[in-house]
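> Below is target.tsv; it holds TSV, C-alpha atoms and all ligand atoms.
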```tsv
chain	number	residue	atom	x	y	z
T	1	MET	CA	7.15	-6.56	-1.40
T	2	ARG	CA	10.43	-5.35	-0.09
T	3	LYS	CA	13.67	-7.00	-1.06
T	4	MET	CA	14.59	-6.17	-4.64
T	5	ASN	CA	15.64	-9.04	-6.87
T	6	THR	CA	18.33	-8.43	-9.48
T	7	ALA	CA	15.81	-7.47	-12.14
T	8	THR	CA	14.07	-4.83	-10.04
T	9	SER	CA	17.31	-3.39	-8.72
T	10	ALA	CA	18.51	-3.04	-12.32
T	11	VAL	CA	15.37	-1.02	-13.02
T	12	ALA	CA	15.93	1.04	-9.90
T	13	ASN	CA	19.54	1.73	-10.88
T	14	ARG	CA	18.51	2.84	-14.33
T	15	GLU	CA	15.88	5.02	-12.70
T	16	ASP	CA	18.36	6.57	-10.31
T	17	LYS	CA	20.33	7.83	-13.27
T	18	ALA	CA	17.19	9.01	-15.08
T	19	GLU	CA	16.29	12.66	-15.04
T	20	VAL	CA	13.75	13.60	-12.39
T	21	PHE	CA	10.95	15.83	-13.68
T	22	PHE	CA	9.37	18.04	-11.06
T	23	ASP	CA	5.98	18.10	-12.75
T	24	ALA	CA	2.85	15.96	-12.65
T	25	LEU	CA	3.15	14.27	-16.05
T	26	PHE	CA	3.42	10.50	-16.45
T	27	ARG	CA	6.36	9.18	-18.47
T	28	ASP	CA	7.08	5.65	-19.64
T	29	SER	CA	10.43	3.86	-19.40
T	30	LYS	CA	11.59	5.60	-22.58
T	31	GLY	CA	10.75	9.03	-21.16
T	32	ARG	CA	7.74	9.58	-23.40
T	33	VAL	CA	4.81	11.46	-21.86
T	34	VAL	CA	1.81	9.18	-21.24
T	35	ASP	CA	-1.72	10.55	-20.97
T	36	PRO	CA	-3.53	9.75	-17.72
T	37	PRO	CA	-6.43	7.32	-18.17
T	38	ALA	CA	-9.52	9.08	-19.48
T	39	SER	CA	-12.00	6.72	-17.82
T	40	LEU	CA	-11.69	7.95	-14.24
T	41	HIS	CA	-14.19	10.82	-14.51
T	42	ASP	CA	-12.20	12.91	-12.00
T	43	MET	CA	-13.10	10.49	-9.23
T	44	PRO	CA	-10.73	10.34	-6.22
T	45	VAL	CA	-8.51	7.23	-6.10
T	46	ALA	CA	-6.71	5.67	-3.11
T	47	ASP	CA	-3.32	3.96	-2.95
T	48	THR	CA	-3.61	1.65	0.07
T	49	HIS	CA	0.02	0.46	-0.07
T	50	ALA	CA	2.99	2.70	-0.86
T	51	HIS	CA	6.47	2.74	0.64
T	52	LEU	CA	6.93	6.51	0.71
T	53	ASP	CA	10.15	6.02	2.69
T	54	MET	CA	11.72	4.17	-0.26
T	55	LEU	CA	11.06	6.97	-2.75
T	56	PRO	CA	13.84	9.49	-3.47
T	57	HIS	CA	11.39	12.43	-3.40
T	58	PRO	CA	8.34	11.57	-1.29
T	59	HIS	CA	7.04	15.15	-1.48
T	60	LEU	CA	7.10	15.00	-5.30
T	61	ALA	CA	5.11	11.75	-5.16
T	62	LEU	CA	2.54	13.43	-2.87
T	63	ALA	CA	2.21	16.48	-5.14
T	64	ARG	CA	1.94	14.33	-8.27
T	65	SER	CA	-0.67	12.20	-6.50
T	66	LYS	CA	-2.80	15.21	-5.63
T	67	ALA	CA	-2.52	16.54	-9.18
T	68	ASN	CA	-3.79	13.19	-10.46
T	69	ASN	CA	-6.70	12.79	-8.02
T	70	VAL	CA	-4.98	10.30	-5.73
T	71	GLU	CA	-6.45	11.73	-2.56
T	72	PHE	CA	-5.68	9.04	0.03
T	73	ILE	CA	-2.42	7.14	0.55
T	74	VAL	CA	-1.44	4.47	3.08
T	75	THR	CA	2.32	4.34	3.63
T	76	VAL	CA	4.12	1.30	5.06
T	77	VAL	CA	6.52	1.45	8.01
T	78	ASP	CA	8.69	-1.45	9.21
T	79	PRO	CA	9.69	-1.28	12.90
T	80	SER	CA	12.76	-3.46	12.23
T	81	GLU	CA	14.16	-0.81	9.89
T	82	ASP	CA	13.79	2.89	10.70
T	83	PRO	CA	10.34	3.33	12.25
T	84	ALA	CA	10.88	6.98	13.23
T	85	TYR	CA	11.74	8.19	9.73
T	86	THR	CA	8.25	8.33	8.20
T	87	TYR	CA	6.63	9.68	11.37
T	88	ASP	CA	9.26	12.43	11.63
T	89	GLN	CA	9.25	13.36	7.95
T	90	LEU	CA	5.63	13.13	6.85
T	91	ALA	CA	4.62	16.67	7.87
T	92	ILE	CA	7.67	18.03	6.04
T	93	TRP	CA	6.87	16.01	2.90
T	94	GLN	CA	3.30	17.30	2.98
T	95	HIS	CA	4.46	20.89	3.44
T	96	GLN	CA	6.90	20.56	0.54
T	97	ALA	CA	4.16	18.97	-1.58
T	98	ARG	CA	1.89	21.96	-0.92
T	99	GLU	CA	4.68	24.33	-1.99
T	100	LEU	CA	5.26	22.34	-5.16
T	101	LEU	CA	1.54	22.32	-5.98
T	102	GLU	CA	1.43	26.09	-5.45
T	103	SER	CA	4.38	26.57	-7.78
T	104	TRP	CA	2.63	24.43	-10.42
T	105	GLN	CA	-0.45	26.62	-10.12
T	106	LEU	CA	1.64	29.75	-10.67
T	107	SER	CA	4.14	28.59	-13.28
T	108	ASN	CA	4.16	27.30	-16.81
T	109	VAL	CA	5.72	23.99	-15.82
T	110	PRO	CA	3.68	21.27	-17.56
T	111	HIS	CA	1.12	20.14	-15.03
T	112	ARG	CA	-2.46	19.21	-14.74
T	113	PHE	CA	-5.05	21.55	-13.39
T	114	VAL	CA	-4.63	21.55	-9.62
T	115	ALA	CA	-7.64	22.96	-7.83
T	116	ALA	CA	-6.19	23.05	-4.34
T	117	ALA	CA	-2.61	23.19	-3.12
T	118	GLU	CA	-3.25	20.53	-0.52
T	119	ALA	CA	-1.32	17.31	-0.02
T	120	PRO	CA	-3.28	14.03	-0.18
T	121	ARG	CA	-4.41	12.51	3.07
T	122	VAL	CA	-1.84	10.00	4.36
T	123	ARG	CA	-2.10	7.29	7.03
T	124	ALA	CA	0.54	4.76	8.04
T	125	ILE	CA	0.50	1.03	8.65
T	126	VAL	CA	3.28	-0.53	10.68
T	127	GLY	CA	4.49	-4.12	10.64
T	128	CYS	CA	7.52	-6.34	10.49
T	129	HIS	CA	7.74	-7.64	6.90
T	130	PRO	CA	8.12	-11.45	6.61
T	131	HIS	CA	11.58	-10.87	5.11
T	132	ASN	CA	12.55	-9.25	8.43
T	133	ALA	CA	10.88	-11.83	10.70
T	134	ALA	CA	14.31	-13.01	11.95
T	135	LYS	CA	14.81	-9.46	13.28
T	136	PHE	CA	11.51	-9.43	15.22
T	137	THR	CA	13.04	-9.10	18.66
T	138	CYS	CA	11.44	-7.88	21.86
T	139	GLU	CA	12.75	-4.35	21.11
T	140	VAL	CA	11.27	-4.42	17.60
T	141	GLU	CA	7.94	-5.57	18.99
T	142	ARG	CA	7.97	-2.69	21.47
T	143	ALA	CA	8.77	-0.24	18.67
T	144	LEU	CA	5.89	-1.72	16.70
T	145	ILE	CA	3.45	-1.26	19.60
T	146	GLN	CA	4.61	2.33	20.20
T	147	ALA	CA	4.21	3.15	16.49
T	148	ALA	CA	0.86	1.36	16.28
T	149	ALA	CA	-0.45	3.59	19.09
T	150	ARG	CA	0.37	6.80	17.20
T	151	PRO	CA	-2.64	8.66	15.80
T	152	LEU	CA	-1.15	8.56	12.27
T	153	THR	CA	-1.19	4.74	12.32
T	154	ALA	CA	-4.27	3.09	10.86
T	155	GLY	CA	-3.28	-0.57	10.85
T	156	ILE	CA	-0.73	-3.35	11.21
T	157	GLY	CA	1.17	-4.36	8.07
T	158	GLU	CA	2.62	-5.51	5.94
T	159	ILE	CA	2.87	-8.80	7.78
T	160	GLY	CA	2.58	-12.37	6.56
T	161	LEU	CA	4.63	-15.03	4.81
T	162	ASP	CA	7.03	-14.89	1.87
T	163	TYR	CA	8.20	-18.34	0.74
T	164	HIS	CA	9.51	-17.00	-2.57
T	165	TYR	CA	12.58	-15.32	-1.13
T	166	ASP	CA	12.64	-17.19	2.21
T	167	LEU	CA	14.79	-14.42	3.68
T	168	SER	CA	13.76	-15.50	7.19
T	169	PRO	CA	13.22	-19.17	8.19
T	170	ARG	CA	9.61	-20.22	7.61
T	171	PRO	CA	8.80	-21.14	11.26
T	172	VAL	CA	10.10	-17.70	12.32
T	173	GLN	CA	7.98	-16.00	9.64
T	174	GLN	CA	4.94	-17.92	10.88
T	175	GLU	CA	5.56	-16.97	14.50
T	176	ALA	CA	6.12	-13.27	13.67
T	177	PHE	CA	2.91	-13.31	11.62
T	178	ARG	CA	0.89	-14.93	14.45
T	179	ARG	CA	2.30	-12.54	17.02
T	180	GLN	CA	1.48	-9.44	14.97
T	181	LEU	CA	-1.96	-10.76	14.06
T	182	ALA	CA	-2.65	-11.17	17.78
T	183	LEU	CA	-1.44	-7.61	18.39
T	184	ALA	CA	-3.77	-6.27	15.69
T	185	ASN	CA	-6.62	-8.11	17.37
T	186	GLU	CA	-5.71	-6.66	20.76
T	187	MET	CA	-5.24	-3.14	19.42
T	188	LEU	CA	-8.41	-3.32	17.27
T	189	LEU	CA	-6.45	-2.44	14.14
T	190	PRO	CA	-6.91	-3.82	10.61
T	191	VAL	CA	-4.14	-5.83	8.96
T	192	ALA	CA	-2.40	-5.60	5.56
T	193	LEU	CA	-1.37	-9.12	4.65
T	194	HIS	CA	1.58	-10.02	2.41
T	195	LEU	CA	1.52	-13.61	1.11
T	196	ARG	CA	3.86	-14.88	-1.56
T	197	GLU	CA	3.81	-18.58	-2.50
T	198	ALA	CA	2.42	-19.17	1.00
T	199	HIS	CA	-1.35	-18.91	0.61
T	200	GLU	CA	-2.09	-22.34	2.15
T	201	ASP	CA	-0.08	-21.68	5.31
T	202	GLY	CA	-1.43	-18.12	5.47
T	203	LEU	CA	-5.00	-19.40	5.39
T	204	ALA	CA	-4.28	-22.01	8.07
T	205	ILE	CA	-2.90	-19.34	10.42
T	206	LEU	CA	-5.82	-16.97	9.73
T	207	ARG	CA	-8.33	-19.74	10.41
T	208	LYS	CA	-6.64	-20.56	13.69
T	209	GLU	CA	-5.94	-17.02	14.96
T	210	GLY	CA	-8.99	-15.36	13.44
T	211	VAL	CA	-9.32	-12.44	11.05
T	212	PRO	CA	-9.10	-9.17	13.03
T	213	GLU	CA	-12.48	-7.60	13.67
T	214	ALA	CA	-11.21	-4.33	12.23
T	215	GLY	CA	-10.59	-6.07	8.91
T	216	LEU	CA	-7.87	-7.73	6.89
T	217	LEU	CA	-6.62	-6.71	3.47
T	218	LEU	CA	-4.98	-9.24	1.16
T	219	HIS	CA	-2.31	-7.00	-0.35
T	220	CYS	CA	-1.12	-7.27	-3.97
T	221	PHE	CA	-3.38	-10.16	-4.94
T	222	ASN	CA	-2.14	-11.51	-8.30
T	223	LEU	CA	-3.58	-15.05	-8.62
T	224	ASP	CA	-6.84	-16.63	-9.77
T	225	PHE	CA	-10.33	-16.65	-8.26
T	226	ALA	CA	-10.01	-20.18	-6.85
T	227	THR	CA	-7.09	-18.95	-4.70
T	228	LEU	CA	-9.03	-15.86	-3.66
T	229	GLU	CA	-12.29	-17.58	-2.69
T	230	PRO	CA	-11.30	-18.97	0.75
T	231	PHE	CA	-9.96	-15.52	1.73
T	232	LEU	CA	-13.25	-13.91	0.70
T	233	ALA	CA	-15.06	-16.57	2.74
T	234	LEU	CA	-13.08	-15.45	5.79
T	235	GLY	CA	-14.22	-11.86	5.22
T	236	CYS	CA	-10.95	-10.51	3.79
T	237	MET	CA	-10.73	-7.47	1.55
T	238	VAL	CA	-8.55	-7.53	-1.56
T	239	ALA	CA	-6.11	-4.98	-2.97
T	240	TYR	CA	-5.37	-4.93	-6.69
T	241	GLY	CA	-2.15	-3.29	-7.84
T	242	GLY	CA	0.15	-3.08	-10.87
T	243	PRO	CA	-0.09	-6.83	-11.78
T	244	LEU	CA	-3.78	-6.28	-12.66
T	245	THR	CA	-2.63	-4.24	-15.68
T	246	PHE	CA	0.00	-6.68	-16.96
T	247	LYS	CA	-0.69	-8.29	-20.35
T	248	LYS	CA	-0.55	-11.87	-19.06
T	249	SER	CA	-2.91	-11.23	-16.12
T	250	ASP	CA	-6.19	-12.37	-17.72
T	251	GLU	CA	-7.02	-14.76	-14.85
T	252	LEU	CA	-6.38	-12.00	-12.34
T	253	ARG	CA	-8.72	-9.60	-14.15
T	254	VAL	CA	-11.41	-12.29	-14.12
T	255	ALA	CA	-10.87	-12.73	-10.36
T	256	ALA	CA	-11.08	-8.94	-9.86
T	257	ALA	CA	-14.37	-8.70	-11.74
T	258	ARG	CA	-15.79	-11.49	-9.53
T	259	THR	CA	-14.73	-9.81	-6.27
T	260	PRO	CA	-17.62	-8.30	-4.31
T	261	ARG	CA	-17.16	-4.56	-4.79
T	262	GLU	CA	-17.45	-3.74	-1.10
T	263	ARG	CA	-14.24	-5.77	-0.68
T	264	ILE	CA	-12.03	-4.11	-3.35
T	265	VAL	CA	-9.36	-1.45	-2.94
T	266	THR	CA	-6.57	-0.19	-5.23
T	267	GLU	CA	-2.87	0.05	-4.43
T	268	THR	CA	0.61	0.33	-5.96
T	269	ASP	CA	3.33	-1.17	-3.67
T	270	ALA	CA	5.43	1.81	-4.84
T	271	PRO	CA	8.36	1.93	-5.61
T	272	PHE	CA	7.76	-1.58	-7.00
T	273	MET	CA	5.57	-2.93	-9.79
T	274	ALA	CA	4.64	0.11	-11.85
T	275	PRO	CA	1.44	-0.60	-13.81
T	276	HIS	CA	1.22	-0.74	-17.59
T	277	PRO	CA	2.04	1.52	-19.50
T	278	LEU	CA	4.65	2.70	-16.98
T	279	ARG	CA	6.39	-0.67	-16.49
T	280	GLY	CA	10.13	-0.36	-16.08
T	281	THR	CA	9.87	2.98	-14.27
T	282	ARG	CA	10.00	3.54	-10.54
T	283	CYS	CA	6.43	3.34	-9.33
T	284	GLY	CA	4.86	6.18	-7.33
T	285	PRO	CA	1.48	6.27	-5.56
T	286	GLU	CA	0.12	8.48	-8.38
T	287	ASP	CA	0.49	5.53	-10.79
T	288	VAL	CA	-2.48	3.86	-9.08
T	289	VAL	CA	-4.82	5.70	-11.48
T	290	PHE	CA	-3.77	3.27	-14.25
T	291	THR	CA	-4.68	0.31	-12.05
T	292	ALA	CA	-8.03	1.90	-11.15
T	293	ALA	CA	-8.78	2.40	-14.85
T	294	CYS	CA	-7.87	-1.23	-15.54
T	295	LEU	CA	-10.21	-2.37	-12.77
T	296	VAL	CA	-13.10	-0.42	-14.32
T	297	GLU	CA	-12.28	-2.06	-17.64
T	298	ALA	CA	-12.15	-5.55	-16.06
T	299	PHE	CA	-15.71	-4.99	-14.84
T	300	GLY	CA	-16.68	-3.69	-18.31
T	301	PHE	CA	-18.11	-0.54	-16.77
T	302	GLU	CA	-18.58	2.92	-18.28
T	303	GLY	CA	-20.26	6.17	-17.22
T	304	ILE	CA	-22.26	6.08	-13.99
T	305	GLU	CA	-21.37	2.42	-13.27
T	306	ALA	CA	-17.68	3.23	-13.55
T	307	ARG	CA	-18.09	6.19	-11.23
T	308	GLN	CA	-19.92	4.07	-8.69
T	309	LEU	CA	-17.23	1.37	-8.73
T	310	LEU	CA	-14.46	3.95	-8.31
T	311	ASN	CA	-16.40	5.59	-5.50
T	312	ASP	CA	-16.86	2.21	-3.77
T	313	CYS	CA	-13.14	1.39	-3.99
T	314	TYR	CA	-12.21	4.77	-2.57
T	315	GLU	CA	-14.74	4.57	0.26
T	316	ASN	CA	-13.63	0.99	1.06
T	317	ALA	CA	-10.05	2.24	1.48
T	318	ARG	CA	-11.15	5.10	3.75
T	319	ARG	CA	-13.39	2.82	5.81
T	320	LEU	CA	-10.59	0.31	6.35
T	321	PHE	CA	-7.60	2.59	6.91
T	322	ASP	CA	-8.89	6.04	7.80
T	323	ARG	CA	-10.61	5.33	11.08
T	324	ASP	CA	-9.99	7.22	14.31
T	325	THR	CA	-7.20	5.44	16.19
T	326	THR	CA	-6.45	8.11	18.79
T	327	ALA	CA	-7.90	6.03	21.65
T	328	TRP	CA	-4.50	4.52	22.50
T	329	GLN	CA	-3.21	7.99	23.33
T	330	ASP	CA	-5.73	8.11	26.18
T	331	SER	CA	-4.99	4.61	27.46
T	332	PRO	CA	-1.37	4.69	28.71
T	333	ALA	CA	-2.01	1.85	31.18
T	334	ALA	CA	-3.38	-0.50	28.50
T	335	LEU	CA	-0.49	0.44	26.24
T	336	GLN	CA	2.01	-0.26	29.02
T	337	THR	CA	0.49	-3.72	29.51
T	338	LEU	CA	1.03	-4.49	25.84
T	339	LEU	CA	4.61	-3.20	26.03
T	340	ASP	CA	5.26	-5.32	29.15
T	341	HIS	CA	4.10	-8.45	27.31
T	342	ALA	CA	6.26	-7.84	24.22
T	343	LYS	CA	8.70	-10.67	23.74
T	344	GLY	CA	9.39	-10.86	20.01
T	345	VAL	CA	9.99	-14.20	18.31
T	346	VAL	CA	13.78	-14.37	18.20
T	401	ZN	ZN	4.96	-3.58	0.14
```
The structure in this file should be written as C-alpha cells.

Amino acid sequence: MRKMNTATSAVANREDKAEVFFDALFRDSKGRVVDPPASLHDMPVADTHAHLDMLPHPHLALARSKANNVEFIVTVVDPSEDPAYTYDQLAIWQHQARELLESWQLSNVPHRFVAAAEAPRVRAIVGCHPHNAAKFTCEVERALIQAAARPLTAGIGEIGLDYHYDLSPRPVQQEAFRRQLALANEMLLPVALHLREAHEDGLAILRKEGVPEAGLLLHCFNLDFATLEPFLALGCMVAYGGPLTFKKSDELRVAAARTPRERIVTETDAPFMAPHPLRGTRCGPEDVVFTAACLVEAFGFEGIEARQLLNDCYENARRLFDRDTTAWQDSPAALQTLLDHAKGVV
C-alpha cells in the first residue's frame, strides 16, 4: 500500500496534530491506553512489511517495537522515490532507539520492562511499487539493482499490480512487475508481492515467469481461502496484517487458519492499516503484536500450541528475509552485467 486515499490521509492529518508520546504504551484513536495482548507469552514477533521512511519518528517506532517484543522488522524502500534515505538513516534510527530504550530503563516514563537496550533487527526490501510503475526508467532500475546488492537488502518488493487505484497504466504495471520478478530470480532474492484487485493477472504472470527460488511472499492478504489456494499451490508464503483483526474479516480468519503454518508470517504495512483496537491511529511496526494475537485466536490455540505457532511465524520471517545477501559485494563483474542490461519499462 502506498498512495493514501482521502480517508487515510484524513486519519494521517488527525494523527499529525495528535500528541506524540515518547513511551512504549499503545493508545487507541481516542488516546486511551490499550493493554498489549496477553496471549503472546513473551514470544518474539516479526513485522515483515513496514514503511519506516513514512513514519515521523522511525527511532521511536524501533524502540517501541523492541519494548513490545517485535524483534525483526523488514522495511520497504522504493527506488523511484528516495532510495538512499533509509540506507543512510537506519544506523542513526537504531542508535537513537537504543538511547530511548536506555532512558526508559532509567526513568519513570511509563514503559514496559525492557531487558536490553538494543534496537530490533532490521532488513530492507527494495522495489518499484505498482503505483510508480510509470516511473520505472532505466535509471530507476539501476538504482534498484544497486540497492538490491547492498548487504542490508534481503529481497525485492513491494512489486506487483494495483488495479484499485490504477495510478500507472496496467500494461506498464505488468511490465515493471515482470522485469523486477526476473531481477529477483537473477539476484536470488525473495519477493514481496503487492496485489490489489489484480489476483488473476498476478497469478498468470507468476505462472509464466516462475516464483523466485528464494521465495515469494503474498503481502497483506485480505481475501478468502479460494483466492489464496492457487498462490499456495505455487509455493507462495502469505503475510497477514491489520485486516486480519477487523470485525468483518471472518472469511480472512478462516483462510488464515487453513494456511500451512510454515507459510505464514505477520506484518503491518505501517503507517497504514493499524489493527484493531488501534484502528484510526497511525500504525507502527510494534502494532503487529495485535495481529499476531489475532492469528493465534483464529487457529484457536492456547499455551504451548500458541507458542509454537508464534515461533513458526517468527522463524518463517527470518528464513525468508534474514538470509546472508553479501555475495553481491564480492561479485562486481556480475553486478555490472546486471547494471548494463537495465533498461526500465518506460
Ligand atoms: Zn506497503
> Name the residues, by chain letter and number, that sit within 8 Å of ligand ZN 401 (chain T) using only C-alpha atoms and all ligand atoms, and give them as a list of chain:residue names.
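After applying the 8 Å limit, what remains is T:Met1, T:Arg2, T:His49, T:Ala50, T:His51, T:Val76, T:Glu158, T:His194, T:Asp269, T:Ala270, T:Phe272.
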> Report, in Å to a single decimal, how far apart CA of Asp287 in chain T and CA of Asn69 in chain T are.
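If I compute the distance from CA of Asn69 in chain T to CA of Asp287 in chain T, I get 10.6 Å.
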> Can you measure CA of Leu90 in chain T to CA of Glu213 in chain T for me? One decimal in Å is fine.
28.4 Å
> Nearest residue to Asp312 in chain T out of T:Arg170, T:Arg196, T:Arg98, T:Arg263, using only C-alpha atoms?
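The answer is T:Arg263, which sits nearest to Asp312 in chain T.
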> Do you have the CA of Pro271 in chain T-CA of Glu99 in chain T distance handy?
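It comes out at 23.0 Å.
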> Fewer than 5 positions away in the same chain doesn't count, so skip those; otherwise give me all residues within 6 Å of range 131-145 of chain T, counting only C-alpha atoms, as a ChimeraX atom specification.
/T:79-80,167-168,173,176,339,342-346
> Range 33-43 of chain T: which residues within 10 Å, counting all atoms listed in the file, same-chain residues fewer than 3 positions away excluded, as number ranges by chain?
T: 25-30, 68-71, 112, 277-278, 287, 289-294, 296-297, 301-304, 306-308, 310-311, 314
> Using only C-alpha atoms, which of the listed residues (T:Cys283, T:Leu183, T:Leu161, T:Val191) sits closest to Ala124 in chain T?
T:Val191
> So, counting only C-alpha atoms, which residue among T:Asp324, T:Asp47, T:Glu209, T:Asp330 is closest to Ala154 in chain T?
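Of the candidates, the smallest distance to Ala154 in chain T is held by T:Asp324.
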> Using all atoms listed in the file, determine which residues lie at most 6 Å from range 221-231 of chain T, disregarding the query and same-chain residues fewer than 5 positions distant; provide the list as a list in words.
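So the residues in contact are Cys236, Tyr240, Glu251, Leu252 and Ala255 of chain T.
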> Each residue of range 154-225 of chain T with at least one atom at most 12 Å from range 315-321 of chain T should appear once, together with its nearest atom pair and the corresponding distance in Å (one decimal); atoms considered: all atoms listed in the file; ordering: chain, then increasing residue number; output as JSON lines.

```
{"residue": "T:Ala154", "atom": "CA", "partner": "T:Phe321", "partner_atom": "CA", "distance": 5.2}
{"residue": "T:Gly155", "atom": "CA", "partner": "T:Phe321", "partner_atom": "CA", "distance": 6.6}
{"residue": "T:Ile156", "atom": "CA", "partner": "T:Phe321", "partner_atom": "CA", "distance": 10.0}
{"residue": "T:Gly157", "atom": "CA", "partner": "T:Phe321", "partner_atom": "CA", "distance": 11.2}
{"residue": "T:Leu188", "atom": "CA", "partner": "T:Leu320", "partner_atom": "CA", "distance": 11.7}
{"residue": "T:Leu189", "atom": "CA", "partner": "T:Phe321", "partner_atom": "CA", "distance": 8.9}
{"residue": "T:Pro190", "atom": "CA", "partner": "T:Leu320", "partner_atom": "CA", "distance": 7.0}
{"residue": "T:Val191", "atom": "CA", "partner": "T:Leu320", "partner_atom": "CA", "distance": 9.3}
{"residue": "T:Ala192", "atom": "CA", "partner": "T:Phe321", "partner_atom": "CA", "distance": 9.8}
{"residue": "T:Pro212", "atom": "CA", "partner": "T:Leu320", "partner_atom": "CA", "distance": 11.7}
{"residue": "T:Glu213", "atom": "CA", "partner": "T:Leu320", "partner_atom": "CA", "distance": 10.9}
{"residue": "T:Ala214", "atom": "CA", "partner": "T:Leu320", "partner_atom": "CA", "distance": 7.5}
{"residue": "T:Gly215", "atom": "CA", "partner": "T:Leu320", "partner_atom": "CA", "distance": 6.9}
{"residue": "T:Leu216", "atom": "CA", "partner": "T:Leu320", "partner_atom": "CA", "distance": 8.5}
{"residue": "T:Leu217", "atom": "CA", "partner": "T:Leu320", "partner_atom": "CA", "distance": 8.6}
```
> Excluding Gln94 in chain T and its own-chain neighbours fewer than 5 positions away, which residues fall within 9 Å of it when counting only C-alpha atoms? Please give them as a PDB file with C-alpha atoms, in the coordinates of the input.

```
ATOM      1  CA  PRO T  58       8.340  11.570  -1.290  1.00  0.00           C
ATOM      2  CA  HIS T  59       7.040  15.150  -1.480  1.00  0.00           C
ATOM      3  CA  LEU T  62       2.540  13.430  -2.870  1.00  0.00           C
ATOM      4  CA  ALA T  63       2.210  16.480  -5.140  1.00  0.00           C
ATOM      5  CA  GLN T  89       9.250  13.360   7.950  1.00  0.00           C
ATOM      6  CA  GLU T  99       4.680  24.330  -1.990  1.00  0.00           C
ATOM      7  CA  GLU T 118      -3.250  20.530  -0.520  1.00  0.00           C
ATOM      8  CA  ALA T 119      -1.320  17.310  -0.020  1.00  0.00           C
ATOM      9  CA  PRO T 120      -3.280  14.030  -0.180  1.00  0.00           C
TER      10      PRO T 120
END
```
> Taking (-10.0, -5.4, -4.0) in the file's own coordinates, collect the residues within 10 Å, counting all atoms listed in the file, and hand them back as a list in words.
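Neighbouring residues, ordered by chain and number, come to Leu217, Leu218, His219, Cys220, Phe221, Cys236, Met237, Val238, Ala239, Tyr240, Gly241, Ala255, Ala256, Ala257, Thr259, Pro260, Arg261, Glu262, Arg263, Ile264, Val265, Thr266, Glu267, Leu295, Cys313, Asn316 and Ala317 of chain T.
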> Out of T:Pro83, T:Pro44, T:Gly235, T:Pro243, which residue has the shortest atom-to-atom distance to Ala67 in chain T when counting all atoms listed in the file?
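The answer is T:Pro44, which sits nearest to Ala67 in chain T.
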> When you count all atoms listed in the file, which of these residues is closest to Leu193 in chain T: T:Ile205, T:Ala84, T:Ala233, T:Ile159?
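Nearest to Leu193 in chain T: T:Ile159.
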> As a list of chain:residue names, please: the residues near Leu100 in chain T (cut-off 9 Å, only C-alpha atoms, same-chain neighbours under 3 positions excluded).
T:Phe22, T:Asp23, T:His59, T:Leu60, T:Ala63, T:His95, T:Gln96, T:Ala97, T:Ser103, T:Trp104, T:Gln105, T:Ala117
> Mind writing the picked residues with C-alpha atoms as a compact mmCIF listing (two decimals), in the coordinates of the input?

```txt
# COMPACT_ATOMS: atom_id res chain seq x y z
CA PHE T 22 9.37 18.04 -11.06
CA ASP T 23 5.98 18.10 -12.75
CA HIS T 59 7.04 15.15 -1.48
CA LEU T 60 7.10 15.00 -5.30
CA ALA T 63 2.21 16.48 -5.14
CA HIS T 95 4.46 20.89 3.44
CA GLN T 96 6.90 20.56 0.54
CA ALA T 97 4.16 18.97 -1.58
CA SER T 103 4.38 26.57 -7.78
CA TRP T 104 2.63 24.43 -10.42
CA GLN T 105 -0.45 26.62 -10.12
CA ALA T 117 -2.61 23.19 -3.12
```
> Report, as lines of an AutoDock Vina configuration file, the axis-aligned box around all atoms of range 193-204 of chain T present in the file, extended by 4 Å on each side; give centre and edge lengths in Å to one decimal place.

```
center_x = -0.6
center_y = -15.7
center_z = 2.8
size_x = 16.9
size_y = 21.2
size_z = 18.6
```
